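Below is upload-v1.cif, which holds mmCIF, C-alpha atoms.
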```cif
data_query
#
loop_
_atom_site.label_atom_id
_atom_site.label_comp_id
_atom_site.auth_asym_id
_atom_site.auth_seq_id
_atom_site.Cartn_x
_atom_site.Cartn_y
_atom_site.Cartn_z
CA MET A 1 0.00 0.00 0.00
CA SER A 2 2.87 2.35 0.69
CA ASP A 3 3.71 2.64 -2.98
CA LEU A 4 0.26 4.11 -3.54
CA ASN A 5 1.15 6.94 -1.16
CA LEU A 6 -1.88 6.56 1.06
CA ASP A 7 -0.88 7.81 4.51
CA PRO A 8 -2.12 6.18 7.74
CA THR A 9 -4.90 8.73 8.15
CA GLN A 10 -6.12 8.05 4.60
CA LEU A 11 -5.94 4.30 5.13
CA ASP A 12 -8.23 4.81 8.11
CA ARG A 13 -10.55 7.38 6.50
CA TYR A 14 -11.10 5.30 3.36
CA SER A 15 -10.83 1.85 4.97
CA ARG A 16 -14.38 0.85 3.91
CA HIS A 17 -13.43 1.55 0.32
CA ILE A 18 -10.02 -0.05 0.55
CA ILE A 19 -11.29 -3.41 1.80
CA MET A 20 -13.54 -3.81 -1.24
CA ASP A 21 -12.08 -5.77 -4.16
CA ASP A 22 -13.62 -3.39 -6.69
CA VAL A 23 -11.99 -0.35 -5.07
CA GLY A 24 -8.98 -1.30 -2.99
CA PRO A 25 -6.02 1.05 -2.50
CA GLU A 26 -5.69 1.44 -6.28
CA GLY A 27 -9.27 2.64 -6.57
CA GLN A 28 -8.92 5.00 -3.66
CA LYS A 29 -5.76 6.41 -5.19
CA ALA A 30 -7.66 6.90 -8.46
CA LEU A 31 -10.37 8.79 -6.58
CA LEU A 32 -7.78 10.96 -4.85
CA ASP A 33 -6.16 11.69 -8.20
CA ALA A 34 -9.44 12.49 -9.99
CA ASP A 35 -10.53 15.91 -11.22
CA VAL A 36 -14.30 16.32 -11.32
CA LEU A 37 -16.30 19.40 -12.25
CA VAL A 38 -19.70 19.85 -10.59
CA LEU A 39 -21.98 22.32 -12.34
CA GLY A 40 -24.38 23.84 -9.87
CA ALA A 41 -24.14 23.97 -6.09
CA GLY A 42 -27.87 23.79 -5.52
CA GLY A 43 -30.27 20.91 -4.92
CA LEU A 44 -28.41 18.34 -7.01
CA GLY A 45 -24.97 19.86 -6.55
CA SER A 46 -25.19 19.65 -2.76
CA PRO A 47 -25.36 15.83 -2.37
CA ILE A 48 -23.02 15.42 -5.33
CA VAL A 49 -20.37 17.61 -3.72
CA GLN A 50 -20.98 16.07 -0.31
CA TYR A 51 -20.51 12.44 -1.42
CA LEU A 52 -17.69 13.06 -3.87
CA ALA A 53 -15.80 14.96 -1.19
CA ALA A 54 -16.44 12.23 1.37
CA ALA A 55 -15.25 9.63 -1.15
CA GLY A 56 -12.00 11.51 -1.49
CA VAL A 57 -12.26 12.80 -5.05
CA GLY A 58 -9.07 14.80 -4.93
CA ARG A 59 -10.02 17.88 -6.88
CA LEU A 60 -13.54 19.19 -7.16
CA GLY A 61 -14.41 22.11 -9.37
CA ILE A 62 -17.70 23.73 -8.36
CA ALA A 63 -19.27 26.23 -10.74
CA ASP A 64 -22.25 28.37 -9.78
CA ASP A 65 -22.99 32.08 -9.99
CA ASP A 66 -25.83 32.11 -7.49
CA VAL A 67 -26.07 33.12 -3.85
CA VAL A 68 -27.73 31.12 -1.07
CA GLU A 69 -31.37 32.00 -0.41
CA ARG A 70 -33.37 30.87 2.59
CA SER A 71 -35.78 28.99 0.31
CA ASN A 72 -32.83 26.84 -0.84
CA LEU A 73 -32.21 25.36 2.60
CA GLN A 74 -35.10 22.86 2.44
CA ARG A 75 -32.97 20.76 0.04
CA GLN A 76 -29.53 22.31 -0.59
CA ILE A 77 -27.80 20.59 2.28
CA VAL A 78 -24.28 21.97 2.01
CA HIS A 79 -25.60 25.43 2.84
CA ALA A 80 -26.75 26.58 6.27
CA ASP A 81 -28.85 29.42 7.64
CA ALA A 82 -25.77 31.55 8.25
CA ASP A 83 -24.84 31.21 4.55
CA VAL A 84 -27.88 33.10 3.26
CA GLY A 85 -26.62 35.80 0.94
CA ARG A 86 -23.20 34.21 0.42
CA PRO A 87 -22.05 32.83 -2.94
CA LYS A 88 -23.00 29.15 -3.16
CA VAL A 89 -19.54 28.13 -4.33
CA GLU A 90 -18.02 29.78 -1.26
CA SER A 91 -20.41 28.02 1.10
CA ALA A 92 -19.93 24.67 -0.68
CA ALA A 93 -16.14 25.00 -0.64
CA GLU A 94 -16.24 25.71 3.08
CA PHE A 95 -18.41 22.62 3.62
CA VAL A 96 -15.91 20.44 1.76
CA ALA A 97 -12.94 21.89 3.66
CA GLU A 98 -14.59 20.93 6.94
CA LEU A 99 -15.52 17.46 5.69
CA ASN A 100 -12.32 16.26 4.06
CA PRO A 101 -8.91 17.97 3.99
CA ASP A 102 -7.80 15.65 1.16
CA VAL A 103 -10.04 17.49 -1.29
CA THR A 104 -9.02 20.62 -3.13
CA VAL A 105 -11.92 22.78 -4.31
CA ASP A 106 -11.73 25.09 -7.28
CA ALA A 107 -14.59 27.50 -6.73
CA HIS A 108 -15.77 28.95 -10.04
CA GLU A 109 -18.15 31.76 -9.12
CA THR A 110 -19.36 32.19 -12.65
CA ARG A 111 -22.19 31.31 -14.96
CA VAL A 112 -21.10 28.68 -17.48
CA THR A 113 -21.32 30.19 -20.94
CA ALA A 114 -20.24 29.36 -24.48
CA ASP A 115 -17.29 31.70 -23.92
CA ASN A 116 -15.89 29.94 -20.85
CA VAL A 117 -17.14 26.34 -21.03
CA ASP A 118 -14.24 24.88 -23.02
CA GLU A 119 -11.70 26.42 -20.69
CA LEU A 120 -13.61 25.13 -17.67
CA LEU A 121 -13.91 21.57 -18.98
CA ALA A 122 -10.31 21.34 -20.09
CA ASP A 123 -9.07 20.76 -16.56
CA TYR A 124 -11.40 17.94 -15.59
CA ASP A 125 -11.79 14.19 -16.23
CA PHE A 126 -15.53 14.00 -15.60
CA VAL A 127 -18.41 16.46 -15.37
CA VAL A 128 -21.53 16.27 -13.22
CA ASP A 129 -24.41 18.37 -14.45
CA GLY A 130 -26.55 19.60 -11.58
CA SER A 131 -27.69 22.76 -13.32
CA ASP A 132 -31.26 24.04 -13.19
CA ASN A 133 -31.82 25.55 -16.62
CA PHE A 134 -31.87 24.46 -20.26
CA GLU A 135 -29.27 26.99 -21.34
CA THR A 136 -26.63 25.29 -19.20
CA ARG A 137 -27.88 21.74 -19.81
CA PHE A 138 -27.62 22.01 -23.60
CA LEU A 139 -24.35 23.90 -23.41
CA VAL A 140 -22.81 21.27 -21.14
CA ASN A 141 -24.05 18.47 -23.37
CA ASP A 142 -22.66 20.07 -26.50
CA ALA A 143 -19.32 21.07 -25.00
CA CYS A 144 -18.74 17.69 -23.31
CA THR A 145 -19.85 15.69 -26.33
CA LEU A 146 -17.65 17.69 -28.71
CA ALA A 147 -14.67 17.47 -26.36
CA GLY A 148 -15.21 13.80 -25.51
CA VAL A 149 -15.59 14.54 -21.80
CA PRO A 150 -17.91 12.04 -20.05
CA PHE A 151 -20.66 13.46 -17.90
CA THR A 152 -23.73 12.55 -15.91
CA HIS A 153 -27.03 14.38 -16.06
CA GLY A 154 -29.73 14.78 -13.44
CA ALA A 155 -32.98 16.73 -13.36
CA ILE A 156 -35.79 17.06 -10.84
CA TYR A 157 -39.42 18.14 -10.82
CA ARG A 158 -41.84 17.90 -7.89
CA PHE A 159 -41.64 14.15 -7.00
CA GLU A 160 -39.79 13.07 -10.16
CA GLY A 161 -36.17 12.69 -11.11
CA GLN A 162 -34.26 11.70 -14.24
CA ILE A 163 -30.67 10.51 -14.32
CA THR A 164 -28.44 9.36 -17.14
CA SER A 165 -24.78 9.38 -18.14
CA PHE A 166 -23.09 10.13 -21.42
CA THR A 167 -19.78 8.86 -22.70
CA GLU A 168 -18.33 8.90 -26.18
CA GLY A 169 -20.20 6.71 -28.66
CA GLN A 170 -23.35 6.64 -26.54
CA PRO A 171 -26.48 8.73 -27.04
CA CYS A 172 -26.20 12.32 -25.81
CA TYR A 173 -28.80 14.64 -24.30
CA ARG A 174 -29.65 16.08 -27.73
CA CYS A 175 -30.33 12.55 -29.01
CA LEU A 176 -33.24 12.60 -26.60
CA PHE A 177 -34.15 16.27 -26.78
CA PRO A 178 -32.79 17.95 -29.92
CA GLU A 179 -33.77 21.43 -28.72
CA ALA A 180 -35.08 23.00 -25.55
CA PRO A 181 -38.78 23.82 -25.48
CA PRO A 182 -40.01 27.37 -25.94
CA ALA A 183 -39.28 29.62 -22.98
CA GLY A 184 -41.66 29.13 -20.11
CA GLU A 185 -43.12 25.84 -21.33
CA ILE A 186 -41.42 23.71 -18.65
CA PRO A 187 -41.79 24.99 -15.09
CA ASP A 188 -38.78 25.09 -12.77
CA CYS A 189 -38.64 24.20 -9.07
CA SER A 190 -39.49 27.73 -7.98
CA GLU A 191 -42.69 27.58 -10.02
CA ALA A 192 -43.70 23.94 -9.55
CA GLY A 193 -42.09 23.04 -6.23
CA VAL A 194 -39.85 20.11 -5.42
CA LEU A 195 -39.76 17.56 -2.62
CA GLY A 196 -36.80 18.50 -0.44
CA VAL A 197 -35.25 15.02 -0.32
CA LEU A 198 -35.69 14.38 -4.07
CA PRO A 199 -32.40 15.97 -5.20
CA GLY A 200 -30.69 13.92 -2.48
CA THR A 201 -31.69 10.68 -4.19
CA VAL A 202 -30.99 11.93 -7.70
CA GLY A 203 -27.71 13.63 -6.76
CA CYS A 204 -26.51 10.49 -4.95
CA ILE A 205 -27.08 8.45 -8.10
CA GLN A 206 -25.08 11.02 -10.08
CA ALA A 207 -22.28 10.81 -7.50
CA THR A 208 -22.40 7.02 -7.77
CA GLU A 209 -22.05 7.23 -11.54
CA THR A 210 -19.05 9.51 -11.09
CA VAL A 211 -17.27 7.20 -8.65
CA LYS A 212 -17.93 4.17 -10.87
CA TRP A 213 -16.56 6.00 -13.91
CA ILE A 214 -13.37 6.88 -12.01
CA LEU A 215 -12.94 3.29 -10.86
CA GLN A 216 -13.55 1.90 -14.34
CA ASP A 217 -11.18 4.43 -15.85
CA ALA A 218 -8.56 2.99 -13.49
CA GLY A 219 -9.32 -0.53 -14.71
CA LEU A 220 -11.39 -1.46 -11.67
CA ALA A 221 -14.99 -2.51 -11.06
CA PRO A 222 -15.22 -4.22 -14.46
CA GLU A 223 -18.75 -5.45 -13.81
CA ALA A 224 -20.11 -2.00 -12.99
CA ASP A 225 -22.94 -1.02 -15.30
CA THR A 226 -23.41 2.70 -15.86
CA LEU A 227 -26.34 4.71 -17.15
CA ASP A 228 -24.88 5.11 -20.63
CA GLY A 229 -27.63 4.38 -23.11
CA ARG A 230 -30.42 4.42 -20.58
CA MET A 231 -32.20 6.90 -18.36
CA ILE A 232 -33.56 6.20 -14.90
CA PHE A 233 -36.91 7.75 -14.19
CA TYR A 234 -37.47 7.98 -10.44
CA ASP A 235 -40.95 8.54 -9.06
CA ALA A 236 -40.67 9.38 -5.37
CA MET A 237 -44.45 9.43 -4.93
CA ALA A 238 -44.85 5.86 -6.22
CA MET A 239 -41.33 4.93 -5.00
CA THR A 240 -40.47 3.34 -8.32
CA PHE A 241 -37.49 3.43 -10.65
CA GLU A 242 -38.05 2.87 -14.36
CA ASP A 243 -35.24 2.10 -16.75
CA VAL A 244 -35.70 3.78 -20.15
CA PRO A 245 -33.27 2.45 -22.77
CA VAL A 246 -32.17 4.99 -25.37
CA GLN A 247 -30.39 4.35 -28.65
CA PRO A 248 -28.24 7.03 -30.33
CA ASP A 249 -30.09 9.21 -32.83
CA PRO A 250 -28.30 9.20 -36.20
CA ASP A 251 -29.89 12.60 -36.86
CA CYS A 252 -28.60 14.09 -33.59
CA PRO A 253 -27.27 17.63 -34.23
CA VAL A 254 -24.19 16.98 -32.04
CA CYS A 255 -23.26 13.30 -32.21
CA GLY A 256 -25.23 12.13 -35.26
CA ASP A 257 -23.95 11.09 -38.67
CA ASP A 258 -23.98 14.62 -40.10
CA PRO A 259 -23.93 16.94 -37.08
CA ALA A 260 -24.99 20.57 -37.45
CA ILE A 261 -23.09 21.58 -34.32
CA SER A 262 -19.31 21.44 -34.47
CA SER A 263 -18.66 24.12 -31.86
CA VAL A 264 -20.61 25.69 -29.01
CA GLN A 265 -20.24 28.92 -30.98
CA ASP A 266 -22.73 27.43 -33.51
CA VAL A 267 -25.53 27.66 -30.97
CA GLU A 268 -27.30 30.52 -29.29
CA TYR A 269 -27.58 29.27 -25.71
CA VAL A 270 -30.69 31.00 -24.51
CA GLU A 271 -33.79 29.33 -23.12
CA THR A 272 -34.50 27.44 -26.36
CA CYS A 273 -30.90 26.53 -27.32
CA ALA A 274 -31.63 26.51 -31.04
CA ILE A 275 -28.97 25.83 -33.63
CA GLY A 276 -27.85 28.96 -35.45
CA ALA A 277 -29.25 29.55 -38.94
CA ASP A 278 -25.80 29.54 -40.50
CA MET B 1 -54.32 1.05 -32.02
CA VAL B 2 -51.11 2.60 -30.73
CA THR B 3 -50.03 2.00 -27.16
CA VAL B 4 -48.58 5.21 -25.73
CA GLU B 5 -46.60 4.89 -22.51
CA VAL B 6 -45.89 8.23 -20.90
CA VAL B 7 -42.95 7.40 -18.63
CA GLY B 8 -43.98 7.86 -15.02
CA GLU B 9 -47.63 8.11 -15.91
CA GLU B 10 -50.38 5.99 -17.36
CA THR B 11 -50.29 4.00 -20.58
CA ARG B 12 -53.03 4.80 -23.06
CA GLU B 13 -54.37 3.23 -26.23
CA ILE B 14 -54.88 5.71 -29.07
CA ASP B 15 -56.66 4.96 -32.30
CA PRO B 16 -54.63 6.81 -34.98
CA GLU B 17 -57.73 7.05 -37.15
CA THR B 18 -59.16 9.49 -34.63
CA LEU B 19 -56.22 11.85 -35.24
CA GLY B 20 -56.97 12.71 -38.86
CA THR B 21 -55.22 11.77 -42.07
CA ASP B 22 -51.60 10.55 -41.80
CA PRO B 23 -51.18 11.45 -38.13
CA THR B 24 -47.69 12.28 -36.89
CA TYR B 25 -46.02 11.52 -33.59
CA ALA B 26 -46.74 15.13 -32.64
CA ASP B 27 -50.45 14.40 -33.11
CA LEU B 28 -50.06 11.32 -30.94
CA VAL B 29 -48.36 13.35 -28.21
CA ARG B 30 -51.11 15.96 -28.27
CA ALA B 31 -53.64 13.13 -27.95
CA VAL B 32 -52.13 12.26 -24.57
CA ASP B 33 -52.30 15.93 -23.53
CA TYR B 34 -48.68 16.98 -24.00
CA SER B 35 -47.03 19.51 -26.24
CA PRO B 36 -44.48 18.02 -28.68
CA HIS B 37 -42.03 20.61 -27.33
CA GLU B 38 -41.95 19.11 -23.85
CA VAL B 39 -41.40 15.44 -24.63
CA SER B 40 -39.30 13.02 -26.60
CA VAL B 41 -40.95 10.15 -28.48
CA LEU B 42 -39.12 6.82 -28.50
CA VAL B 43 -39.86 3.94 -30.84
CA ASP B 44 -37.83 0.78 -30.17
CA ASP B 45 -35.71 2.93 -27.79
CA GLN B 46 -34.84 5.30 -30.64
CA PRO B 47 -35.94 8.95 -30.59
CA VAL B 48 -38.10 9.73 -33.63
CA PRO B 49 -38.85 13.12 -35.25
CA GLU B 50 -42.23 14.33 -34.12
CA ASP B 51 -43.24 15.35 -37.64
CA ARG B 52 -42.86 11.77 -38.85
CA ALA B 53 -46.00 9.78 -39.64
CA VAL B 54 -46.93 7.25 -36.98
CA ASP B 55 -45.74 3.81 -38.03
CA ALA B 56 -45.40 1.99 -34.72
CA ASP B 57 -47.86 0.25 -32.46
CA TYR B 58 -45.98 1.03 -29.23
CA VAL B 59 -44.31 4.31 -28.34
CA ARG B 60 -42.73 5.64 -25.20
CA VAL B 61 -43.04 9.32 -24.33
CA LEU B 62 -40.38 10.84 -22.10
CA ARG B 63 -41.09 14.20 -20.53
CA LEU B 64 -38.43 16.90 -20.37
CA ILE B 65 -37.70 18.28 -16.91
CA LYS B 66 -35.09 20.84 -15.94
CA GLY B 67 -34.96 21.43 -12.21
CA GLY B 68 -31.71 21.10 -10.34
#
```
Here is the file; what I need is its structure written in the form of structure tokens.
Amino acid sequence: MSDLNLDPTQLDRYSRHIIMDDVGPEGQKALLDADVLVLGAGGLGSPIVQYLAAAGVGRLGIADDDVVERSNLQRQIVHADADVGRPKVESAAEFVAELNPDVTVDAHETRVTADNVDELLADYDFVVDGSDNFETRFLVNDACTLAGVPFTHGAIYRFEGQITSFTEGQPCYRCLFPEAPPAGEIPDCSEAGVLGVLPGTVGCIQATETVKWILQDAGLAPEADTLDGRMIFYDAMAMTFEDVPVQPDPDCPVCGDDPAISSVQDVEYVETCAIGAD
Amino acid sequence: MVTVEVVGEETREIDPETLGTDPTYADLVRAVDYSPHEVSVLVDDQPVPEDRAVDADYVRVLRLIKGG
């Protein structure tokens, strides 16, 4: 174990990982060496950040341009009452620092845009999309797909959640939804409400996907099955999970046979995320 | 008849002949009370264009949600 540079404190902290065959010291080292970007430090981002930090993901980027509001605290569990009014990335980074000193946080207090997304992604192995708007969701899909960066997607609505993952050669978000709906057609959590614990379940599944990807990238957990090519639909009211298989769309504007999008600059990322006329 | 499963909701049987001449998947979606803008239609797990004429007897409709 010493050649993996895990110190005695780490061997203790991560002992429940290390004793598992599918993780072991090699897997824990891979987690400690991983660079993961979490987009959004809200409902989904909170459990994602919390569990990835606890697992010892060595470098966590957290991007969010929002500040903590009191109405967030019913579900955004890395923020506390005293954080109201503070930038979410600052509050989340402080939470991680208190939880696990092995983790370095890069706090990106910025909105992810077509002008900064490529630079942001360039430093990370895996991306976790916990954003709350179509502009970011489509931008993240396009940028990650074009750059070959794997990512996992989660979305929530009232009692419902959707989770999937995307790696190269598998269907992307635009395979399922080529364009965002007209502005205002799909309500957000502030309009429709959301069960406070719902993003906990969905975000934990996204964190699980992330950890599995890191382990598999290190040649471990060979039997792990990810959400590539399928979406989980979680109904908290019925307490059911439905698996929805999805095949790639050959007409997909990003990953299809003759894609219309070759750069995020081809798209106007507003609420509808339509492909530019030229 | 076309069986329309709206994921997370009920499954309904729709008679395409009630949707007019050469109904599309968009017509089918409207028949289960959704706008084509807010869902994806899957046939044999493959997304299909909503302006395509209905040529399947089982479709799955996946709603788009955005909260985070």
Query raised in the report: Expanded to explicit residues, what is the PyMOL selection byres ((chain A) within 6 of (chain B)) for this file, as a VMD selection string?
Result: chain A and resid 43 to 44 130 to 133 155 to 157 181 188 to 189 245 to 247
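Coordinates place CA of Asp125 (chain A) at a distance of 27.8 Å from CA of Val68 (chain A).
Remark: for Pro25 (chain A), the closest of the candidate residues A:Ala236, A:Leu120, A:Leu215, A:Ala260 is A:Leu215 (distances computed over all atoms listed in the file).
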Report task. Between CA of Asp55 (chain B) and CA of Val29 (chain B), measure the distance and give it in Å to one decimal. Result ->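 Computed distance, CA of Asp55 (chain B) to CA of Val29 (chain B), equals 13.9 Å.
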Report summary line: CA of Leu121 (chain A) to CA of Ile62 (chain A) measures 11.5 Å
Requested in this report: Measuring atom to atom with only C-alpha atoms, identify which of A:Val103, A:Val244, A:Val270, A:Ala180 is nearest to Val6 (chain B).
Outcome: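 So, comparing all the options, the nearest one is A:Val244.
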Query raised in the report: Skipping near chain neighbours, those fewer than 6 positions away, what residues fall within 12 Å of region 6-11 of chain A using all atoms listed in the file, listed as an NGL selection string?
Result: :A and (17-19 or 24-33 or 54-56 or 100-103)
Query raised in the report: If the PyMOL selection byres ((chain B and resi 4) around 8) is run on the structure shown, which residues does it catch, given as a list of chain:residue names?
Result: B:Val2, B:Thr3, B:Glu5, B:Val6, B:Thr11, B:Arg12, B:Glu13, B:Ile14, B:Val32, B:Tyr58, B:Val59, B:Arg60, B:Val61
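Evaluated on this file, the PyMOL selection byres ((chain B and resi 16) around 9) matches Met1, Val2, Ile14, Asp15, Glu17, Thr18, Leu19, Gly20, Thr21, Asp22, Pro23, Asp27, Leu28 and Val54 of chain B.
Of the listed residues A:Thr113, A:Asp81, A:Thr226, A:Phe159, the one whose atoms come nearest to Ala143 (chain A) is A:Thr113, with distances taken using only C-alpha atoms.
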